[in-house]
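Report on the following structure.
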Amino acid sequence: MNEATTLPNAVDLPIEGMTCAACAARIEKQLNKLPGVSAAVNFASERAHVEFDAGAGAVGTLQLVETIEKAGFKVPPQSLDLAISGMTCAACATRIEAVLNKLPGVEANVNFASEKASIRFRPGQADAASLIAAVRRTGYEARESTSNSRAAEKARKAAAYNAELKRFWISVVLTLPLVAQMGAMFSGSHEDMLPRWLQFALATPVQFWIGWRFYVGAYHALRGGSGNMDVLVALGTSMAWAFSTVVTAAGLHHQHVYFEASAAVITLVLMGKLLEARAKAKTSAAIEALVRLQPQTARVLRDGVLVEVAVDSLNPGDIFIVRPGESMPVDGEVVEGASSVNEAMLTGESLPVAKSVGGKVYAATVNGDGLLNCRATGVGSHTLLAGIIRMVEQAQGSKAPVQRLADRISAIFVPVVTTIALVAFAAWWFFSGDFTNALVNAVAVLVIACPCALGLATPTAIMVGTGRGATAGILVKNAEALELAQKVEVLVVDKTGTLTQGKPVVTDVVPADGMSSEQLLHAAASLEQGASHPLAEAIVTHAKQMHVALSQPAGLRAVPGKGLLATLEGSDYALGSPGFLAEQGVAVPAALLAPLAGAGKSVVGVAQGLTLLGLLGVADQLRPTSRAAVVRLQAQGIEVVMLTGDNAATAAAIAREAGIAHYEAEVLPQDKAAAVDKLRAGGRLVGMVGDGINDAPALAAADVSFAIGGGSDVALEAADVTLMKSDLLSVADAIDLSRATLAKIRQNLFFAFIYNVLGIPLAAFGMLNPVIAGAAMAMSSVSVVSNSLLLRRWKPLRGK
């Protein structure tokens, strides 16, 4: 390779499917066989760094991807978010989306409300530069949107808003004299208050300077083979201005001029756009609030010295100090100290959580009254807060199925409205013979029609709903999940960790006749203190809570699946199931055993020699809120079904306590998904709530899945909705939020449809002045966004 005549390219490619270092070596070998390629594959990071010749006829990124895939591995699609400027209505977003989706290997969603494009593309077939270029070819500006560029985007939007605001006030000053004479016209006088040359002088800068943005937008739309709001505004106002100019220039004093209509429409539309921009900015307030939560600096212990550093410079393993009242800079683990931490900003739970050595802390949560030394475990984009922000942005950028109708209408809206305007113009001119009146009515049709309200109806409600959910500890993966959640008819709940605490505790201490509870606990906990299984931990924990002193056993011998034998303080002891004690010749009275076994509890018996000391009842207790949650879900019209791998007696006891009529016991993890499929086969929409790795297949099988926040990463990844609180009431809250959001979407779509369905015919039949029509059009999208913002009042109905 001639270094002097070629330009090297470099690319990092993610690789899936590597299981060992040999896989990485094999891929590296295959890549390095390609001409002009130098590759290094890192098994730990699962990425390939490839440098290759960018000269003519050289290897391209697509060939690199194909080589990796021929070796038996996969290069997954990559994601990219673009911030787009210049869109004026939903038709613009539809056009950009269509252009991007025509590119090979590209799947794009363009959100008009958030002014962003969410794109998935296959490496080698597209890249950031080609995607940005495709957007720019349609006449819009695009740039990569990342967490680091958020502040710059906000500043850019603020600058653009301020510039538009200045132009708007100039437009108001120029338009007010023109509009002032409309009062005289409405009173019956048709004499011009202002000379026509002055009207022309005032209206022309509004038309071609202030309104130039509409001409630019219309040009780009028409060049791309489609129409948008700019086409309607530019066409309508140009017709009014051009007619008035001809009348003025020709000295046709008997004809009325409509300079006030063209200028007023542009001013009013511009005002509507400014109000819309302000309202849209509020829809992303939840994201902004989350971003502001994280502190900018942290106190870090380095080489024994406490220094204040930027949060961005923290590395995993750094020891950071958090004083009372301060926020956690990153995710970490407490290594020294004890305190309570307010996690309401992440979970929505108002009660502080106690933290001690070994406890996990999260970025942006607020320390209470203790000093904490913590070790950083998650920094930068790897904190829980960053993950929440990503998930909310992902949901806000996605499309709900209910939006498809609005998208289809937006795509044909402008041609249909233009046709209606032409028909109205021709009909009025033909039947009345009045060209001026025909022109005015056609202009009114053009300016009242607007696809903006249709395009904003769904995404603004989704943005506010998902943002409000995030502040309440409800994280929605995408808009489709938010829409489907309100349709759930059957909710399948896992028992352990979902309905129950997920941790067994001693619920009953039943000493035999002549024995004390302290004797029984002393023996049981002393024998179990070296064991690691959950029942043993529950017994030892309970004994410590009761301040029972323990002794050290000797000669301990475990009998797998049954119990153990040991010597304690010189006497022989046996501990285990009632059946195991019976095998040792110990009599267990039915009167002691029956109540515990009947309640579905695990029973542990303790005997000294052949003398029974008593029985312990151990159970995974129902969460305090589970019964209230089941009642609330049933009140929402949802049937709650419990699945568990526990025995029938335990399942029946928990179901009875929770108020669940339908349950299935002894369901193996691999069979939970089949049970969900069976319920779905009945034609009902099924939701699933779980928290463990074994719940992941069932979560994936459900129409809508909810993962309890304290659960495993696998469960959280498989779920459509993540609940930060380990509480079934959060599921009821999520469904309530879904219903509230969809209600707002339906209201918005109704307003948008009814506005156009009523407004366009009224204008076509000559019942609307163009200025009134322009004002109505400007306010239509503002009213839709404002209605969506009412969702910010939604609150979780805790405990109801």
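Going through the structure tokens in order, the chains are called A, B, and so on, while each chain numbers its residues from 1 and the ligands are numbered from 1 in the order shown.
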
Report as an MDAnalysis selection string: the residues of range 674-799 of chain A with a DSSP assignment of alpha helix (DSSP H), based on the backbone of this structure.
chainID A and resid 674:680 696:701 713:718 729:764 770:789

Considering only C-alpha atoms, give me a table of residues in range 747-778 of chain A that are at most 12 Å from range 232-239 of chain A, with the closest atom pair and distance in Å for each, as CSV.
residue,atom,partner,partner_atom,distance
A:Pro770,CA,A:Gly236,CA,9.0
A:Val771,CA,A:Thr237,CA,10.3
A:Ala773,CA,A:Gly236,CA,11.2
A:Gly774,CA,A:Val233,CA,8.9
A:Met777,CA,A:Val233,CA,10.3
A:Ala778,CA,A:Val233,CA,11.0

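CA of Ala240 in chain A to CA of Tyr258 in chain A spans 5.8 Å [interatomic distance, one decimal].
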
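Shortest separation to Leu252 in chain A among A:Lys487, A:Arg196, A:Arg292, A:Arg95 occurs at residue A:Arg196, atoms counted being only C-alpha atoms.
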
Could you give me, as a ChimeraX atom specification, the residues within 10 Å of range 393-409 of chain A, counting only C-alpha atoms and dropping anything in the same chain fewer than 5 positions from it?
/A:81,90-91,93-94,108-119,283-284,287,387-388,414,416,451,453-467,475-484,742,745-746,749,752-753

In range 131-345 of chain A, DSSP strand (DSSP E or B) residues written as a PyMOL selection string
chain A and resi 141-144+297-302+305-310+319-322+327+331-336+339-342

Skip Arg468 in chain A itself and residues of its chain fewer than 3 positions away, then list as a compact mmCIF listing (two decimals) with C-alpha atoms, in the first residue's frame all residues within 8 Å of it, counting only C-alpha atoms.
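Output below, filename result-v8.txt:
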# COMPACT_ATOMS: atom_id res chain seq x y z
CA ALA A 286 -39.05 15.64 32.13
CA VAL A 464 -45.41 14.12 28.02
CA GLY A 465 -46.74 10.72 29.10
CA THR A 471 -40.61 10.87 37.18
CA ALA A 472 -42.96 8.34 38.80
CA LEU A 791 -50.90 15.11 31.15
CA ARG A 792 -48.29 16.63 33.43
CA TRP A 794 -51.24 12.92 36.11

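For Leu499 in chain A, the non-local neighbours within 7 Å, defined as residues at least 3 positions apart in the same chain or in other chains and counting only C-alpha atoms, are A:Asp494, A:Lys495, A:Thr496, A:Leu622, A:Arg623, A:Ser626, A:Leu728.
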
Only N, CA and C atoms, please: the residues just picked out, written as a short mmCIF file (atom, residue, chain, number, x, y, z; two decimals), in the first residue's frame.
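Writing done, so here's result.cif:
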data_model
loop_
_atom_site.label_atom_id
_atom_site.label_comp_id
_atom_site.auth_asym_id
_atom_site.auth_seq_id
_atom_site.Cartn_x
_atom_site.Cartn_y
_atom_site.Cartn_z
N ASP A 494 -45.86 -13.26 38.40
CA ASP A 494 -45.02 -14.26 39.04
C ASP A 494 -45.17 -14.07 40.56
N LYS A 495 -45.08 -15.16 41.30
CA LYS A 495 -45.27 -15.05 42.76
C LYS A 495 -44.03 -14.47 43.44
N THR A 496 -42.93 -15.19 43.33
CA THR A 496 -41.73 -14.84 44.09
C THR A 496 -41.10 -13.55 43.60
N LEU A 622 -46.14 -11.96 51.52
CA LEU A 622 -46.75 -11.08 50.55
C LEU A 622 -46.28 -9.65 50.80
N ARG A 623 -46.01 -8.92 49.71
CA ARG A 623 -45.67 -7.50 49.88
C ARG A 623 -46.86 -6.77 50.49
N SER A 626 -49.44 -5.70 47.83
CA SER A 626 -49.88 -6.62 46.78
C SER A 626 -51.40 -6.79 46.74
N LEU A 728 -46.25 -4.06 43.06
CA LEU A 728 -47.24 -4.36 42.03
C LEU A 728 -48.17 -3.17 41.78
#

Find the residues near Val11 in chain A: any atom within 7 Å, counting only C-alpha atoms, skip ones fewer than 4 places away on the same chain, and give them as a PyMOL selection string.
chain A and resi 49-51

Show me, as a PDB file with N, CA and C atoms, in the first residue's frame, the residues that have an atom within 10 Å of Ser79 in chain A when counting only C-alpha atoms, minus same-chain residues fewer than 2 positions from it.
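Output below, filename part_9.pdb:
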ATOM      1  N   PRO A  76     -24.137  -6.345  14.525  1.00  0.00           N
ATOM      2  CA  PRO A  76     -25.509  -5.893  14.776  1.00  0.00           C
ATOM      3  C   PRO A  76     -25.767  -4.511  14.190  1.00  0.00           C
ATOM      4  N   PRO A  77     -27.046  -4.197  13.935  1.00  0.00           N
ATOM      5  CA  PRO A  77     -27.382  -2.853  13.450  1.00  0.00           C
ATOM      6  C   PRO A  77     -26.962  -1.804  14.477  1.00  0.00           C
ATOM      7  N   ASP A  81     -29.164   8.925  16.508  1.00  0.00           N
ATOM      8  CA  ASP A  81     -30.203   9.947  16.652  1.00  0.00           C
ATOM      9  C   ASP A  81     -29.734  11.222  15.965  1.00  0.00           C
ATOM     10  N   VAL A 106     -31.554   0.769   6.170  1.00  0.00           N
ATOM     11  CA  VAL A 106     -31.900   1.841   7.103  1.00  0.00           C
ATOM     12  C   VAL A 106     -33.359   1.719   7.529  1.00  0.00           C
ATOM     13  N   GLU A 107     -33.590   1.902   8.828  1.00  0.00           N
ATOM     14  CA  GLU A 107     -34.941   1.933   9.382  1.00  0.00           C
ATOM     15  C   GLU A 107     -35.031   3.183  10.254  1.00  0.00           C
ATOM     16  N   ALA A 108     -35.934   4.104   9.877  1.00  0.00           N
ATOM     17  CA  ALA A 108     -35.958   5.411  10.551  1.00  0.00           C
ATOM     18  C   ALA A 108     -37.352   5.791  11.013  1.00  0.00           C
ATOM     19  N   SER A 118     -34.859   8.925  14.820  1.00  0.00           N
ATOM     20  CA  SER A 118     -34.236   7.757  15.449  1.00  0.00           C
ATOM     21  C   SER A 118     -33.992   6.730  14.355  1.00  0.00           C
ATOM     22  N   ILE A 119     -32.741   6.361  14.154  1.00  0.00           N
ATOM     23  CA  ILE A 119     -32.354   5.545  12.994  1.00  0.00           C
ATOM     24  C   ILE A 119     -31.586   4.311  13.426  1.00  0.00           C
ATOM     25  N   ARG A 120     -31.933   3.178  12.823  1.00  0.00           N
ATOM     26  CA  ARG A 120     -31.140   1.947  12.933  1.00  0.00           C
ATOM     27  C   ARG A 120     -30.629   1.628  11.537  1.00  0.00           C
ATOM     28  N   PHE A 121     -29.338   1.341  11.431  1.00  0.00           N
ATOM     29  CA  PHE A 121     -28.775   1.070  10.101  1.00  0.00           C
ATOM     30  C   PHE A 121     -27.738  -0.034  10.167  1.00  0.00           C
ATOM     31  N   ARG A 122     -27.536  -0.678   9.052  1.00  0.00           N
ATOM     32  CA  ARG A 122     -26.560  -1.761   8.962  1.00  0.00           C
ATOM     33  C   ARG A 122     -25.202  -1.168   8.600  1.00  0.00           C
ATOM     34  N   PRO A 123     -24.193  -1.381   9.449  1.00  0.00           N
ATOM     35  CA  PRO A 123     -22.853  -0.863   9.128  1.00  0.00           C
ATOM     36  C   PRO A 123     -22.409  -1.360   7.752  1.00  0.00           C
ATOM     37  N   ASP A 127     -23.905   5.230   7.041  1.00  0.00           N
ATOM     38  CA  ASP A 127     -23.179   5.756   8.189  1.00  0.00           C
ATOM     39  C   ASP A 127     -23.744   7.133   8.512  1.00  0.00           C
ATOM     40  N   ALA A 128     -23.240   7.731   9.566  1.00  0.00           N
ATOM     41  CA  ALA A 128     -23.783   9.012  10.014  1.00  0.00           C
ATOM     42  C   ALA A 128     -23.713  10.065   8.910  1.00  0.00           C
TER      43      ALA A 128
END
